[in-house]
Amino acid sequence: MFSLFNFFSKKEKTEDLENLFEYLIVITPGKTVAENFASQYKKLLRKAHRKGHKVLFKLYLSWEDYILNKKAQMGEAVDKVKFRSEIGKKIDVEKLDEEFRIIFLEERDQILHLYENLVQKLGQYIKSNMGFRQFQSIVAEAGKNTVFENIEVTKEKIDFSHFNSLIRSNPAEYPTQNITKIFKTFVEAFYSKIETALGEKVIQTIFQKLYDHMRETYSAEFATHFLKITPEKILGLDQWLSVLSKEELEKQVKQKTTELEELNESLEERVNQRTRELQKAYQELKELDKKKSDFISVAAHQIRTPLSGIKWILNMLLEDGEDNHLSTEQKDFLNKANEANEKLLLIVNDMLDTDLVATGKAVYDFKQTDCIAIIQQVVSDLTPQANIKNIKLTSNDKSNKNGIIEADAKRIKTVIQNLMDNAIKYSPNESEVKIETDKTFDNFIIKVIDQGIGIPEDQKVDIFKRFFRAQNSIRTHANGSGLGLFIAQSVILEHHGRIDFESTENKGTTFTIILPLKQPR
Amino acid sequence: METDQIDNHTKSNDRPLADKVVLWIEDDILLTEIIRKKMQKLNTELLHAYDSGGAFKLLVENKKPDIIFLDILLPGMNGYEILEKLKADENTKSIPVIILSNFGQKSEIEKGLNLGAERFLIKATMTLDEVFQEADAILRKHAA
């Protein structure tokens, strides 16, 4: 099998370079890499040159290839690891003479060898399609009156030795850049003659084989690389390739085009179908969402109407308590009934509000709102609840009673109520719940601090989720909708504010709300 | 459809809507009864209708109300349709209308306000006193 490795092996042998370890071999997939290498090791190469060493320079594709090739020649005796370690060895410039000899193979030698082997391989394929004599005469005719005139065709090979020595010994007459041209002229003449003898189809098969062989020998990567950069260097192989594969290529292109067209059509159809499905699903979801909204709206309306009636009646009775001659006990009952009714209304409103908040349908009424007044109101409302557990409710204002912000008063009240209610609910008896307020240039800050059961570490991420209730809160208090913090966060976000918390289990929780003084326009 | 004349002895300038004429369109019997009772105490003339037919008849037969309270869910023509008709009529378009309903979604509120209502109040979230105070504030604003 032809390869550059064979070539180097031959050189090694002919020049008595038995032990490769003594030489610096450049392994490179191409000229650029080799040149980079050369520039890096310029000093080394110059030194070697001064000492009169020949320099073997490039062209192994990779160590892997080199070693495989050596193995093919020398059997398993070649130790891959040893090769690697030898090459990895640091070059000591001072000891260059003892340790290394750098062998340089000129570019023209490589090109010559490459072309020779291509012709050799080509000849081998053609010979199997015609008689030896005919082949001999075709080669002779193709080389007539050219530098190829003296090449000999034996049964084994086309002998280029005479040709090679002629070229090598006359660099002035045959400069490197002309070698390609020389070979090209020869192979073109050769091509036209064998085409006449064998016909186009056979020739195409032969060149297909040659191309495949090159790909196998040099690796596809190398062949492509080489062909791409200088296709004309390989004897106009590009032309041959275009001839040999024109039909095949056309066929392949046609097939691929049909496949692509089919794929495109089916893709388009699939995309259209998916779009239709998605549109339908979206429509259904929209309808469902509207139905849900309508249901909630009507349900809320239906529940609220009798509750409004009760609310209004109880309010009137309580207002006119004196005129109605109610006893203290009766008034107390009415108050309790009113409180219960308010709670029921709050639950209904909360559930409706949750849906509105979640769907972004809630209406916010932003006005100048006094947060401190709201807090005082909430503290006052919740004091009876705190008293039951002997919890001390305290408030500490650092804003100089300047709590006016642009907000929806009712919703902010709900948020503070929710936080304070939780704080009281989940704090032990005899503890303290503090509400602190402060103001910065842009924001009003509210902190609700308790000494309660805290939020378990693994559940902190979930506490603002709808219907979420921490495990320890369920143990302490079975009641609770799991909506309070969800609503709180939604409301604060709608105010372009932030809500956050710090909590240690069994020590307490601090919720911090930061609200902008003004809503962005 | 009925008209209530309030006794003069309850007249008080401190009370919201005193001496005013109010048209209230509400189909709930219980709520209507409470409203009527409340109005009696405020010396406010109440024109009440259960539906659009009654309401428009009252508007033709009686003096022009100072303010109109309008429910949404009504038999026959709904509150929005009534509002539209009121605002299209030269005789009634300047009368402030407060929608008082137990609906309260964003779209519902927006619809009401876009049709020309002064306010959209939710019954269940307010006491009647608060409702009257809102109405009084609107009337004062209109008078100014």
# chains A, B, ... in the order shown; residues from 1 in each chain; ligands from 1

call {"tool": "interface_residues", "arguments": {"of": "chain A", "to": "chain B", "cutoff": "6 Å", "atoms": "only C-alpha atoms", "output": "ChimeraX atom specification"}}
result
/A:301,304,308-309,312,361-363

call {"tool": "residues_around", "arguments": {"residues": "range 124-138 of chain A", "least_positions_apart": "4", "cutoff": "10 Å", "atoms": "only C-alpha atoms", "output": "list in words"}}
result
Leu118, Val119, Gln120, Ala142, Gly143, Lys144, Glu152, Val153, Thr154, Lys155, Glu156, Lys157, Ile158, Ala189, Phe190, Tyr191, Ser192, Lys193, Ile194, Ala197, Leu198, Val202, Ile203, Thr205, Ile206, Phe207, Lys209 and Leu210 of chain A

call {"tool": "write_last_selection", "arguments": {"atoms": "N, CA and C atoms", "output": "mmCIF file, in the first residue's frame"}}
result
data_model
loop_
_atom_site.group_PDB
_atom_site.id
_atom_site.type_symbol
_atom_site.label_atom_id
_atom_site.label_comp_id
_atom_site.auth_asym_id
_atom_site.auth_seq_id
_atom_site.Cartn_x
_atom_site.Cartn_y
_atom_site.Cartn_z
ATOM 1 N N LEU A 118 1.038 8.054 -7.206
ATOM 2 C CA LEU A 118 -0.292 8.152 -7.805
ATOM 3 C C LEU A 118 -0.301 7.493 -9.182
ATOM 4 N N VAL A 119 0.733 7.810 -9.945
ATOM 5 C CA VAL A 119 0.821 7.210 -11.285
ATOM 6 C C VAL A 119 0.959 5.696 -11.169
ATOM 7 N N GLN A 120 1.749 5.292 -10.210
ATOM 8 C CA GLN A 120 1.956 3.862 -9.958
ATOM 9 C C GLN A 120 0.625 3.159 -9.697
ATOM 10 N N ALA A 142 2.456 8.247 -24.182
ATOM 11 C CA ALA A 142 2.122 9.413 -23.356
ATOM 12 C C ALA A 142 3.379 10.187 -22.963
ATOM 13 N N GLY A 143 4.477 9.448 -22.793
ATOM 14 C CA GLY A 143 5.698 10.114 -22.319
ATOM 15 C C GLY A 143 6.620 10.587 -23.429
ATOM 16 N N LYS A 144 6.197 10.283 -24.650
ATOM 17 C CA LYS A 144 7.033 10.588 -25.806
ATOM 18 C C LYS A 144 7.389 12.074 -25.883
ATOM 19 N N GLU A 152 10.441 3.321 -17.491
ATOM 20 C CA GLU A 152 10.285 1.940 -17.963
ATOM 21 C C GLU A 152 9.060 1.309 -17.334
ATOM 22 N N VAL A 153 8.347 0.546 -18.153
ATOM 23 C CA VAL A 153 7.191 -0.162 -17.602
ATOM 24 C C VAL A 153 7.531 -1.638 -17.505
ATOM 25 N N THR A 154 7.569 -2.118 -16.252
ATOM 26 C CA THR A 154 7.793 -3.551 -16.057
ATOM 27 C C THR A 154 6.462 -4.158 -15.625
ATOM 28 N N LYS A 155 6.486 -5.465 -15.443
ATOM 29 C CA LYS A 155 5.224 -6.100 -15.019
ATOM 30 C C LYS A 155 4.856 -5.693 -13.589
ATOM 31 N N GLU A 156 5.879 -5.327 -12.804
ATOM 32 C CA GLU A 156 5.632 -4.978 -11.401
ATOM 33 C C GLU A 156 5.203 -3.521 -11.250
ATOM 34 N N LYS A 157 5.921 -2.670 -11.996
ATOM 35 C CA LYS A 157 5.630 -1.242 -11.767
ATOM 36 C C LYS A 157 6.119 -0.381 -12.916
ATOM 37 N N ILE A 158 5.762 0.887 -12.824
ATOM 38 C CA ILE A 158 6.326 1.871 -13.740
ATOM 39 C C ILE A 158 7.562 2.401 -13.031
ATOM 40 N N ALA A 189 -2.037 13.265 -21.141
ATOM 41 C CA ALA A 189 -1.780 12.482 -22.359
ATOM 42 C C ALA A 189 -2.133 11.014 -22.137
ATOM 43 N N PHE A 190 -1.714 10.545 -20.984
ATOM 44 C CA PHE A 190 -1.965 9.164 -20.557
ATOM 45 C C PHE A 190 -3.486 8.898 -20.511
ATOM 46 N N TYR A 191 -4.182 9.854 -19.922
ATOM 47 C CA TYR A 191 -5.640 9.763 -19.757
ATOM 48 C C TYR A 191 -6.350 9.647 -21.106
ATOM 49 N N SER A 192 -5.961 10.548 -22.054
ATOM 50 C CA SER A 192 -6.670 10.548 -23.345
ATOM 51 C C SER A 192 -6.435 9.235 -24.087
ATOM 52 N N LYS A 193 -5.245 8.681 -23.902
ATOM 53 C CA LYS A 193 -4.952 7.436 -24.624
ATOM 54 C C LYS A 193 -5.699 6.252 -24.012
ATOM 55 N N ILE A 194 -5.696 6.179 -22.701
ATOM 56 C CA ILE A 194 -6.399 5.021 -22.106
ATOM 57 C C ILE A 194 -7.912 5.155 -22.232
ATOM 58 N N ALA A 197 -8.686 3.693 -25.420
ATOM 59 C CA ALA A 197 -8.527 2.239 -25.375
ATOM 60 C C ALA A 197 -9.611 1.557 -24.556
ATOM 61 N N LEU A 198 -9.991 2.193 -23.440
ATOM 62 C CA LEU A 198 -10.896 1.481 -22.518
ATOM 63 C C LEU A 198 -12.334 2.030 -22.488
ATOM 64 N N VAL A 202 -15.146 2.769 -18.104
ATOM 65 C CA VAL A 202 -14.076 2.052 -17.395
ATOM 66 C C VAL A 202 -13.153 3.069 -16.703
ATOM 67 N N ILE A 203 -12.827 4.114 -17.464
ATOM 68 C CA ILE A 203 -11.933 5.132 -16.914
ATOM 69 C C ILE A 203 -12.526 5.736 -15.645
ATOM 70 N N THR A 205 -14.566 4.355 -13.585
ATOM 71 C CA THR A 205 -14.451 3.387 -12.489
ATOM 72 C C THR A 205 -13.038 3.402 -11.928
ATOM 73 N N ILE A 206 -12.062 3.448 -12.840
ATOM 74 C CA ILE A 206 -10.660 3.435 -12.397
ATOM 75 C C ILE A 206 -10.350 4.651 -11.517
ATOM 76 N N PHE A 207 -10.815 5.814 -11.980
ATOM 77 C CA PHE A 207 -10.493 7.008 -11.191
ATOM 78 C C PHE A 207 -11.267 7.061 -9.882
ATOM 79 N N LYS A 209 -11.778 4.442 -8.169
ATOM 80 C CA LYS A 209 -10.974 3.572 -7.305
ATOM 81 C C LYS A 209 -9.753 4.318 -6.782
ATOM 82 N N LEU A 210 -9.155 5.099 -7.706
ATOM 83 C CA LEU A 210 -7.960 5.848 -7.329
ATOM 84 C C LEU A 210 -8.279 6.872 -6.230
#

call {"tool": "residues_around", "arguments": {"residues": "range 96-99 of chain B", "least_positions_apart": "6", "cutoff": "6 Å", "atoms": "only C-alpha atoms", "output": "PDB file with C-alpha atoms, in the first residue's frame"}}
result
ATOM      1  CA  ILE B  67     -77.859  60.725  41.597  1.00  0.00           C
ATOM      2  CA  ILE B  68     -78.516  57.190  40.394  1.00  0.00           C
ATOM      3  CA  PHE B  69     -77.432  53.926  42.061  1.00  0.00           C
ATOM      4  CA  LEU B  70     -77.370  51.112  39.596  1.00  0.00           C
ATOM      5  CA  ASP B  71     -77.054  47.378  40.072  1.00  0.00           C
ATOM      6  CA  ALA B 117     -70.273  55.631  35.671  1.00  0.00           C
ATOM      7  CA  GLU B 118     -68.705  57.888  38.306  1.00  0.00           C
ATOM      8  CA  ARG B 119     -67.725  55.013  40.565  1.00  0.00           C
ATOM      9  CA  PHE B 120     -67.975  51.242  40.677  1.00  0.00           C
TER      10      PHE B 120
END
